[in-house]
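Below: run_14.tsv (TSV, C-alpha atoms)
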chain	number	residue	atom	x	y	z
N	1	MET	CA	-9.56	-136.53	137.55
N	2	ASN	CA	-10.77	-133.01	138.31
N	3	PRO	CA	-13.94	-131.82	136.64
N	4	PRO	CA	-13.41	-129.13	134.00
N	5	PRO	CA	-13.52	-125.49	135.18
N	6	LEU	CA	-16.99	-124.06	135.54
N	7	SER	CA	-17.94	-121.62	132.90
N	8	THR	CA	-17.91	-118.02	134.12
N	9	ALA	CA	-21.55	-117.99	133.05
N	10	TYR	CA	-22.37	-119.85	136.28
N	11	TYR	CA	-21.33	-116.75	138.17
N	12	SER	CA	-23.48	-114.37	136.17
N	13	ASP	CA	-26.85	-115.53	137.38
N	14	ASP	CA	-27.95	-116.72	140.85
N	15	GLU	CA	-30.27	-119.39	139.50
N	16	LEU	CA	-27.57	-120.76	137.24
N	17	TYR	CA	-25.12	-120.69	140.14
N	18	ASP	CA	-27.56	-122.59	142.34
N	19	SER	CA	-28.16	-125.16	139.60
N	20	GLN	CA	-24.65	-126.60	140.02
N	21	LEU	CA	-25.03	-126.97	143.81
N	22	SER	CA	-26.11	-130.07	145.73
N	23	PRO	CA	-29.78	-130.06	146.85
N	24	ARG	CA	-28.74	-129.20	150.41
N	25	MET	CA	-26.53	-126.28	149.35
N	26	LYS	CA	-29.22	-125.10	146.96
N	27	LYS	CA	-31.73	-125.02	149.82
N	28	LEU	CA	-29.36	-122.92	151.95
N	29	SER	CA	-28.57	-120.56	149.10
N	30	PRO	CA	-31.35	-117.92	149.45
N	31	ILE	CA	-30.58	-117.36	153.14
N	32	HIS	CA	-26.86	-117.87	153.45
N	33	TRP	CA	-25.04	-117.10	150.19
N	34	SER	CA	-24.88	-113.49	149.02
N	35	PRO	CA	-26.74	-112.65	145.77
N	36	LEU	CA	-24.43	-112.02	142.81
N	37	GLU	CA	-25.48	-108.40	142.40
N	38	VAL	CA	-24.66	-107.76	146.05
N	39	ILE	CA	-21.28	-109.45	145.64
N	40	LYS	CA	-20.45	-107.37	142.59
N	41	ALA	CA	-21.33	-104.11	144.34
N	42	ALA	CA	-19.42	-105.09	147.49
N	43	ALA	CA	-16.37	-106.27	145.54
N	44	ALA	CA	-16.27	-103.06	143.49
N	45	PHE	CA	-16.13	-101.01	146.69
N	46	LEU	CA	-13.60	-103.23	148.47
N	47	SER	CA	-11.22	-103.62	145.50
N	48	ASP	CA	-10.47	-99.93	145.24
N	49	LYS	CA	-6.76	-100.39	144.57
N	50	PRO	CA	-4.61	-103.15	143.03
N	51	GLY	CA	-3.04	-105.52	145.55
N	52	SER	CA	-5.83	-105.12	148.11
N	53	LYS	CA	-6.37	-108.06	150.43
N	54	ILE	CA	-10.01	-108.67	151.18
N	55	ILE	CA	-11.49	-111.15	153.60
N	56	ASP	CA	-14.96	-112.64	153.82
N	57	ILE	CA	-15.83	-113.62	157.39
N	58	GLY	CA	-17.91	-116.78	157.33
N	59	SER	CA	-17.18	-117.52	153.69
N	60	GLY	CA	-19.41	-120.59	153.44
N	61	ILE	CA	-18.99	-122.35	150.10
N	62	GLY	CA	-16.94	-119.43	148.78
N	63	LYS	CA	-19.42	-117.67	146.52
N	64	PHE	CA	-18.34	-114.12	147.44
N	65	CYS	CA	-14.61	-114.79	147.05
N	66	ILE	CA	-14.95	-116.75	143.81
N	67	VAL	CA	-17.07	-114.14	142.09
N	68	ALA	CA	-15.02	-111.21	143.41
N	69	ALA	CA	-11.69	-112.87	142.52
N	70	GLN	CA	-12.80	-113.27	138.92
N	71	GLN	CA	-13.89	-109.65	138.69
N	72	TYR	CA	-10.78	-108.21	140.32
N	73	PRO	CA	-7.78	-110.39	139.42
N	74	ASP	CA	-5.36	-107.77	140.76
N	75	CYS	CA	-6.71	-108.17	144.32
N	76	ASP	CA	-6.54	-111.13	146.69
N	77	PHE	CA	-9.66	-112.60	148.23
N	78	TYR	CA	-9.62	-114.65	151.40
N	79	GLY	CA	-12.42	-116.57	153.05
N	80	ILE	CA	-12.56	-118.04	156.53
N	81	GLU	CA	-15.17	-120.64	157.35
N	82	GLN	CA	-15.53	-122.73	160.50
N	83	ARG	CA	-17.59	-125.55	158.98
N	84	ARG	CA	-15.26	-128.07	157.37
N	85	ASP	CA	-17.77	-129.37	154.82
N	86	LEU	CA	-18.49	-125.87	153.51
N	87	HIS	CA	-14.77	-125.07	153.44
N	88	GLU	CA	-14.14	-128.21	151.38
N	89	ILE	CA	-16.83	-127.25	148.88
N	90	ALA	CA	-15.16	-123.83	148.60
N	91	LEU	CA	-11.78	-125.50	147.93
N	92	MET	CA	-13.33	-127.72	145.29
N	93	SER	CA	-15.06	-124.76	143.66
N	94	ARG	CA	-11.75	-122.89	143.69
N	95	LYS	CA	-10.14	-125.67	141.66
N	96	ASN	CA	-12.93	-125.40	139.14
N	97	THR	CA	-12.71	-121.67	138.62
N	98	PRO	CA	-10.75	-120.03	135.82
N	99	SER	CA	-8.90	-117.75	138.27
N	100	GLU	CA	-7.72	-119.45	141.41
N	101	LEU	CA	-4.42	-117.69	142.08
N	102	ASN	CA	-5.97	-114.75	143.91
N	103	LEU	CA	-8.39	-116.94	145.84
N	104	HIS	CA	-7.58	-118.31	149.30
N	105	PHE	CA	-9.78	-120.29	151.67
N	106	MET	CA	-9.02	-121.00	155.31
N	107	HIS	CA	-10.74	-123.37	157.67
N	108	GLY	CA	-11.29	-122.06	161.20
N	109	ASN	CA	-13.06	-119.66	163.49
N	110	PHE	CA	-12.48	-115.97	162.74
N	111	THR	CA	-11.30	-115.44	166.34
N	112	GLU	CA	-8.19	-117.50	165.47
N	113	LEU	CA	-7.14	-115.21	162.64
N	114	ASP	CA	-4.79	-112.20	162.57
N	115	PHE	CA	-6.72	-109.49	160.73
N	116	SER	CA	-3.91	-106.96	160.54
N	117	GLY	CA	-2.98	-107.69	156.90
N	118	TYR	CA	-6.39	-107.14	155.33
N	119	ASP	CA	-7.43	-103.92	153.60
N	120	GLY	CA	-11.10	-104.78	153.27
N	121	LEU	CA	-13.66	-106.92	155.04
N	122	TYR	CA	-16.91	-108.39	153.78
N	123	PHE	CA	-19.40	-109.42	156.44
N	124	PHE	CA	-22.74	-111.03	155.65
N	125	ASN	CA	-23.85	-111.24	159.26
N	126	SER	CA	-22.63	-114.77	159.85
N	127	PHE	CA	-23.11	-114.44	163.63
N	128	ALA	CA	-26.88	-114.10	163.34
N	129	GLU	CA	-27.35	-117.85	163.21
N	130	ASN	CA	-26.82	-117.71	166.97
N	131	LEU	CA	-29.97	-115.64	167.41
N	132	TYR	CA	-32.46	-117.45	165.18
N	133	ASN	CA	-33.41	-121.10	165.09
N	134	PHE	CA	-34.76	-121.09	161.55
N	135	GLY	CA	-32.74	-121.70	158.42
N	136	ARG	CA	-29.69	-122.90	160.28
N	137	ILE	CA	-26.99	-124.47	158.13
N	138	ASP	CA	-26.60	-127.53	160.35
N	139	ASN	CA	-26.11	-128.57	163.96
N	140	SER	CA	-22.36	-129.09	163.74
N	141	ILE	CA	-21.59	-126.08	165.92
N	142	GLN	CA	-22.98	-124.58	169.13
N	143	TYR	CA	-25.47	-121.73	168.91
N	144	SER	CA	-26.29	-119.26	171.67
N	145	ALA	CA	-27.11	-115.61	172.24
N	146	GLY	CA	-24.00	-115.51	174.43
N	147	LEU	CA	-21.88	-116.61	171.50
N	148	TYR	CA	-23.45	-113.92	169.30
N	149	ASN	CA	-22.54	-111.35	171.93
N	150	TYR	CA	-18.98	-112.67	172.13
N	151	TYR	CA	-18.52	-112.70	168.34
N	152	ALA	CA	-20.09	-109.25	167.89
N	153	ASN	CA	-17.82	-107.75	170.56
N	154	TYR	CA	-14.80	-109.56	169.16
N	155	PHE	CA	-15.54	-108.29	165.65
N	156	TYR	CA	-15.96	-104.77	167.05
N	157	LYS	CA	-12.45	-104.97	168.52
N	158	ILE	CA	-11.01	-106.25	165.22
N	159	LEU	CA	-12.58	-103.32	163.38
N	160	ASP	CA	-11.46	-100.88	166.05
N	161	ASN	CA	-7.86	-102.07	165.69
N	162	LYS	CA	-7.80	-101.65	161.92
N	163	THR	CA	-5.90	-98.78	160.34
N	164	SER	CA	-7.46	-95.69	158.82
N	165	GLY	CA	-8.72	-96.31	155.29
N	166	THR	CA	-9.88	-99.87	155.96
N	167	ARG	CA	-12.95	-100.68	153.91
N	168	LEU	CA	-15.87	-102.63	155.29
N	169	VAL	CA	-19.01	-103.93	153.61
N	170	THR	CA	-21.83	-105.41	155.67
N	171	TYR	CA	-24.87	-107.20	154.31
N	172	HIS	CA	-27.71	-107.48	156.84
N	173	GLY	CA	-25.43	-106.01	159.49
N	174	SER	CA	-26.16	-103.54	162.24
N	175	ASP	CA	-24.66	-100.03	162.49
N	176	SER	CA	-24.90	-100.10	166.26
N	177	GLU	CA	-22.37	-102.93	166.44
N	178	LEU	CA	-19.66	-101.05	164.54
N	179	PRO	CA	-17.10	-98.60	165.91
N	180	LYS	CA	-18.07	-94.97	165.35
N	181	SER	CA	-14.85	-94.45	163.38
N	182	TYR	CA	-16.41	-96.28	160.42
N	183	GLN	CA	-18.03	-93.73	158.17
N	184	LEU	CA	-21.00	-94.89	156.15
N	185	ILE	CA	-20.27	-94.15	152.47
N	186	GLN	CA	-22.99	-95.91	150.56
N	187	VAL	CA	-26.22	-97.79	151.21
N	188	SER	CA	-28.09	-99.97	148.72
N	189	PHE	CA	-30.23	-103.09	148.29
N	190	ASN	CA	-33.06	-101.87	150.58
N	191	ASN	CA	-30.54	-100.63	153.17
N	192	TYR	CA	-29.16	-104.14	153.62
N	193	LEU	CA	-25.84	-103.49	151.91
N	194	LYS	CA	-23.70	-100.89	153.63
N	195	MET	CA	-20.23	-99.68	152.74
N	196	TYR	CA	-17.91	-97.98	155.19
N	197	ILE	CA	-14.41	-96.53	155.34
N	198	LYS	CA	-12.54	-96.16	158.60
N	199	GLU	CA	-11.57	-92.55	159.32
V	1	MET	CA	-19.30	-121.38	197.88
V	2	SER	CA	-16.50	-119.64	199.74
V	3	HIS	CA	-13.15	-118.81	198.15
V	4	SER	CA	-9.86	-118.43	199.96
V	5	ILE	CA	-8.63	-114.85	199.82
V	6	ASN	CA	-5.33	-113.69	201.29
V	7	LYS	CA	-6.13	-111.73	204.47
V	8	THR	CA	-3.59	-108.97	203.87
V	9	MET	CA	-4.53	-108.23	200.28
V	10	THR	CA	-5.28	-104.79	198.89
V	11	LYS	CA	-8.53	-103.94	197.11
V	12	GLU	CA	-6.78	-104.22	193.73
V	13	GLU	CA	-5.44	-107.66	194.63
V	14	MET	CA	-8.91	-108.72	195.73
V	15	ILE	CA	-10.35	-107.60	192.39
V	16	ASP	CA	-7.57	-109.43	190.51
V	17	SER	CA	-8.32	-112.56	192.46
V	18	LEU	CA	-12.04	-112.31	191.66
V	19	ILE	CA	-11.25	-111.79	187.96
V	20	GLN	CA	-9.04	-114.88	188.01
V	21	GLN	CA	-11.78	-116.89	189.68
V	22	ILE	CA	-14.46	-115.82	187.21
V	23	SER	CA	-12.18	-116.53	184.27
V	24	SER	CA	-11.93	-120.15	185.37
V	25	MET	CA	-15.70	-120.62	185.83
V	26	GLN	CA	-17.59	-122.96	183.55
V	27	ASN	CA	-21.19	-121.94	184.20
V	28	TYR	CA	-23.42	-119.15	185.49
V	29	ALA	CA	-24.14	-120.82	188.84
V	30	GLN	CA	-20.44	-120.72	189.66
V	31	VAL	CA	-20.24	-117.06	188.67
V	32	GLU	CA	-23.25	-116.22	190.82
V	33	SER	CA	-21.68	-117.84	193.86
V	34	VAL	CA	-18.50	-115.79	193.41
V	35	ILE	CA	-20.47	-112.54	193.11
V	36	LEU	CA	-22.59	-113.43	196.14
V	37	ASP	CA	-19.37	-113.84	198.07
V	38	VAL	CA	-17.99	-110.39	197.18
V	39	SER	CA	-19.78	-108.69	200.11
V	40	ARG	CA	-18.34	-111.17	202.61
V	41	ILE	CA	-14.80	-110.88	201.24
V	42	ALA	CA	-15.01	-107.08	201.21
V	43	ALA	CA	-16.22	-107.08	204.81
V	44	VAL	CA	-13.38	-109.39	205.90
V	45	HIS	CA	-10.85	-106.92	204.52
V	46	GLY	CA	-12.70	-103.82	205.66
V	47	PHE	CA	-13.36	-102.54	202.13
V	48	PRO	CA	-16.60	-100.66	201.36
V	49	VAL	CA	-18.81	-103.16	199.51
V	50	SER	CA	-20.20	-100.61	197.02
V	51	GLN	CA	-16.65	-99.60	196.04
V	52	CYS	CA	-15.72	-103.23	195.47
V	53	PHE	CA	-18.78	-103.76	193.28
V	54	SER	CA	-18.01	-100.63	191.32
V	55	LYS	CA	-14.31	-101.45	190.88
V	56	LEU	CA	-15.08	-105.02	189.81
V	57	GLU	CA	-17.70	-103.77	187.33
V	58	ILE	CA	-15.26	-101.30	185.76
V	59	THR	CA	-12.52	-103.94	185.56
V	60	ILE	CA	-14.85	-106.42	183.83
V	61	GLU	CA	-16.11	-103.79	181.39
V	62	GLU	CA	-12.54	-103.09	180.36
V	63	LEU	CA	-11.81	-106.71	179.44
V	64	SER	CA	-11.39	-107.38	175.72
V	65	PRO	CA	-13.08	-110.39	174.12
V	66	MET	CA	-9.87	-110.82	172.12
V	67	ASN	CA	-8.14	-112.05	175.27
V	68	LEU	CA	-10.95	-114.34	176.36
V	69	THR	CA	-12.65	-117.52	175.24
V	70	SER	CA	-16.39	-117.42	174.54
V	71	THR	CA	-17.06	-119.17	177.87
V	72	GLN	CA	-14.99	-116.64	179.79
V	73	TRP	CA	-16.67	-113.76	177.97
V	74	SER	CA	-20.09	-115.18	178.72
V	75	CYS	CA	-19.23	-115.67	182.41
V	76	PHE	CA	-17.97	-112.08	182.70
V	77	ARG	CA	-21.13	-110.72	181.04
V	78	TYR	CA	-23.19	-112.70	183.51
V	79	ALA	CA	-21.03	-111.42	186.37
V	80	LEU	CA	-21.89	-107.87	185.25
V	81	ILE	CA	-25.60	-108.67	185.40
V	82	CYS	CA	-25.22	-110.11	188.92
V	83	LEU	CA	-23.09	-107.18	190.05
V	84	ARG	CA	-25.57	-104.58	188.79
V	85	GLU	CA	-28.42	-106.40	190.45
V	86	LYS	CA	-26.55	-106.59	193.76
V	87	ALA	CA	-25.48	-102.94	193.53
V	88	SER	CA	-29.07	-101.92	192.88
V	89	LEU	CA	-30.27	-103.87	195.91
V	90	LEU	CA	-27.56	-102.27	198.01
V	91	ARG	CA	-28.65	-98.76	196.96
V	92	LYS	CA	-32.31	-99.56	197.66
V	93	TYR	CA	-31.44	-100.99	201.09
V	94	ARG	CA	-29.44	-97.87	201.99
V	95	ARG	CA	-32.30	-95.54	201.11
V	96	HIS	CA	-34.58	-97.20	203.69
Target format C-alpha cells, applied to this file:
Amino acid sequence: MNPPPLSTAYYSDDELYDSQLSPRMKKLSPIHWSPLEVIKAAAAFLSDKPGSKIIDIGSGIGKFCIVAAQQYPDCDFYGIEQRRDLHEIALMSRKNTPSELNLHFMHGNFTELDFSGYDGLYFFNSFAENLYNFGRIDNSIQYSAGLYNYYANYFYKILDNKTSGTRLVTYHGSDSELPKSYQLIQVSFNNYLKMYIKE
Amino acid sequence: MSHSINKTMTKEEMIDSLIQQISSMQNYAQVESVILDVSRIAAVHGFPVSQCFSKLEITIEELSPMNLTSTQWSCFRYALICLREKASLLRKYRRH
C-alpha cells in the first residue's frame, strides 16, 4: 500500500521538508538540494508561459521538480539523475505528491539525453562534485577533474544548440562556462542564483 | 610506440589517422607516445613538423564533446597539452 500523499506543507519549509527524509538524505540536504526559496524564484522565471518544458540536470531526489510542479501545474518538469537510488527516491516522492501528472523523472547521465524539446533548464552545478572531495553524495560514480571538464564542455554545447528564448537558471554556476549568447537577466541569493535568456 | 602510417598519405590523412588513434586510447601514456611520434611521422612524409602540430591542434580544438566519450575527451585534452609543450620546445630550439 502506498503511503498517503505528503501535505503540501512539507514543501513550504526546508526544515519540514528535511524532516521527512532519511538520515542520509537529510545530511546531504544543505549541500545538494536547492533551498525552497531558490526553487520558487527559479521556477517562477522558468515557467514564463503555459506548456513550458523545464528540465533539472542532476535532479537528485527531485526536490526542485516536485516543488516547481506544484506551483506551476500548467508546465511540465523533468529531472534527470544518474544515481539510481536518488532517482528511486524521486519516483517515490512523485507518487506521494498531490500533483504528479506534470512531473517526470528519468534515470541516466545527462549526456544521453536529447535536450531539443526543453524550453528551460535548471542547473544547480551538479558537476562540481568532480572538483571537491568533501560532501560527496556517495562513491557510486567516478569523480575527476577531467570528467568535470568533459561535462562542462558538453553542457556548453547543449546550451549553444538551444533556440533563442531558451531560459536558463544556474545556482552556484559560473558565467565563464556559458555561451555568450545567454544574457543575464536577474541575479539574487548573494549572486548564487542567476537567470538567463538566450538571445 | 610506433604506429603504421600509409607512406603515400597526405597531411590531412595523416591528421585523420592521428585523430583516430587518439580516439581509441585508454590512458595518457598512450596519448603521449602518439604525440611523441608525430615528428617522426611528419619527417617520413616530408611534412613540416610545426605545421603538423598546428593542424593537429586546430583539429582537436574543433572536436565536440557531444561526439566523444569522457575518456576520448580527456585523451584529446591531454593531447593538446602535449602538443603545446612540444610546439613550444620546437620554437625555443629554432631560436637558438
| said: Select, as a PyMOL selection string, those residues of chain N with any atom no more than 7 Å from chain V (distances computed using all atoms listed in the file). | reply: chain N and resi 146-147+150+153-154
| said: When you look at region 35-37 of chain V with a cut-off of 9 Å (counting only C-alpha atoms), what residues show up, excluding the ones that are within fewer than 3 positions of it in the same chain? I need them as a list of chain:residue names. | reply: V:Met1, V:Ser2, V:His3, V:Leu18, V:Gln30, V:Val31, V:Glu32, V:Arg40, V:Ile41, V:Ala42, V:Phe53, V:Ala79, V:Cys82, V:Leu83, V:Lys86
Can you spit out the residues from that selection as a compact mmCIF listing (two decimals), in the frame of the given file, using C-alpha atoms?
# COMPACT_ATOMS: atom_id res chain seq x y z
CA MET V 1 -19.30 -121.38 197.88
CA SER V 2 -16.50 -119.64 199.74
CA HIS V 3 -13.15 -118.81 198.15
CA LEU V 18 -12.04 -112.31 191.66
CA GLN V 30 -20.44 -120.72 189.66
CA VAL V 31 -20.24 -117.06 188.67
CA GLU V 32 -23.25 -116.22 190.82
CA ARG V 40 -18.34 -111.17 202.61
CA ILE V 41 -14.80 -110.88 201.24
CA ALA V 42 -15.01 -107.08 201.21
CA PHE V 53 -18.78 -103.76 193.28
CA ALA V 79 -21.03 -111.42 186.37
CA CYS V 82 -25.22 -110.11 188.92
CA LEU V 83 -23.09 -107.18 190.05
CA LYS V 86 -26.55 -106.59 193.76
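When CA of His172 (chain N) is paired with CA of Tyr192 (chain N), their separation reads 4.9 Å.
Ranking N:Gly108, N:Leu103, N:Ala68, N:Met195 by their shortest atom-to-atom distance to Arg83 (chain N), with all atoms listed in the file included, puts N:Gly108 first.
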| said: Quick check, in Å to one decimal: how far apart do CA of Glu199 (chain N) and CA of Tyr171 (chain N) lie? | reply: 20.4 Å
| request: Write out as an MDAnalysis selection string each polymer residue whose atoms come within 9 Å of Lys55 (chain V), counting all atoms listed in the file; drop sequence neighbours fewer than 6 positions from it. | output: chainID V and resid 11:12 15
| said: Can you tell me which residues surround Tyr132 (chain N) at a distance of at most 12 Å, considering all atoms listed in the file, apart from same-chain residues fewer than 4 positions away, and format the answer as a list in words? | reply: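 Once the nearby chain positions are removed, what remains is Ser126, Phe127, Ala128, Arg136, Ile137, Tyr143, Ser144, Ala145 and Tyr148 of chain N.
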| request: Figure out the distance between CA of Asp76 (chain N) and CA of Ser176 (chain N), please, to one decimal in Å. | output: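 We find that CA of Ser176 (chain N) and CA of Asp76 (chain N) lie 29.0 Å from each other.
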| field | Selected residue of minimal separation from His32 (chain N) among N:Glu88, N:Glu100, N:Glu112, N:Glu129, counting all atoms listed in the file | value | N:Glu129
| task | Within 12 Å of Val38 (chain N), counting only C-alpha atoms, which residues show up once you throw out same-chain ones fewer than 6 positions away? Write them as a PyMOL selection string, please. | result | chain N and resi 12-14+44-45+63-64+67-68+122-124+169-172+187-195
| Among the residues N:Arg84, N:Ile89, N:Ile55, N:Cys75, the one that comes closest to Phe110 (chain N) [using all atoms listed in the file] |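 Closest to Phe110 (chain N), using all atoms listed in the file: N:Ile55.
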| request: Do a neighbour search on region 18-22 of chain N at 12 Å with only C-alpha atoms, toss out local chain neighbours closer than 4 positions, and write the hits as an NGL selection string. | output: :N and (6-7 or 9-14 or 26-30 or 33-36 or 61 or 63 or 86 or 89-90 or 92-93 or 96)
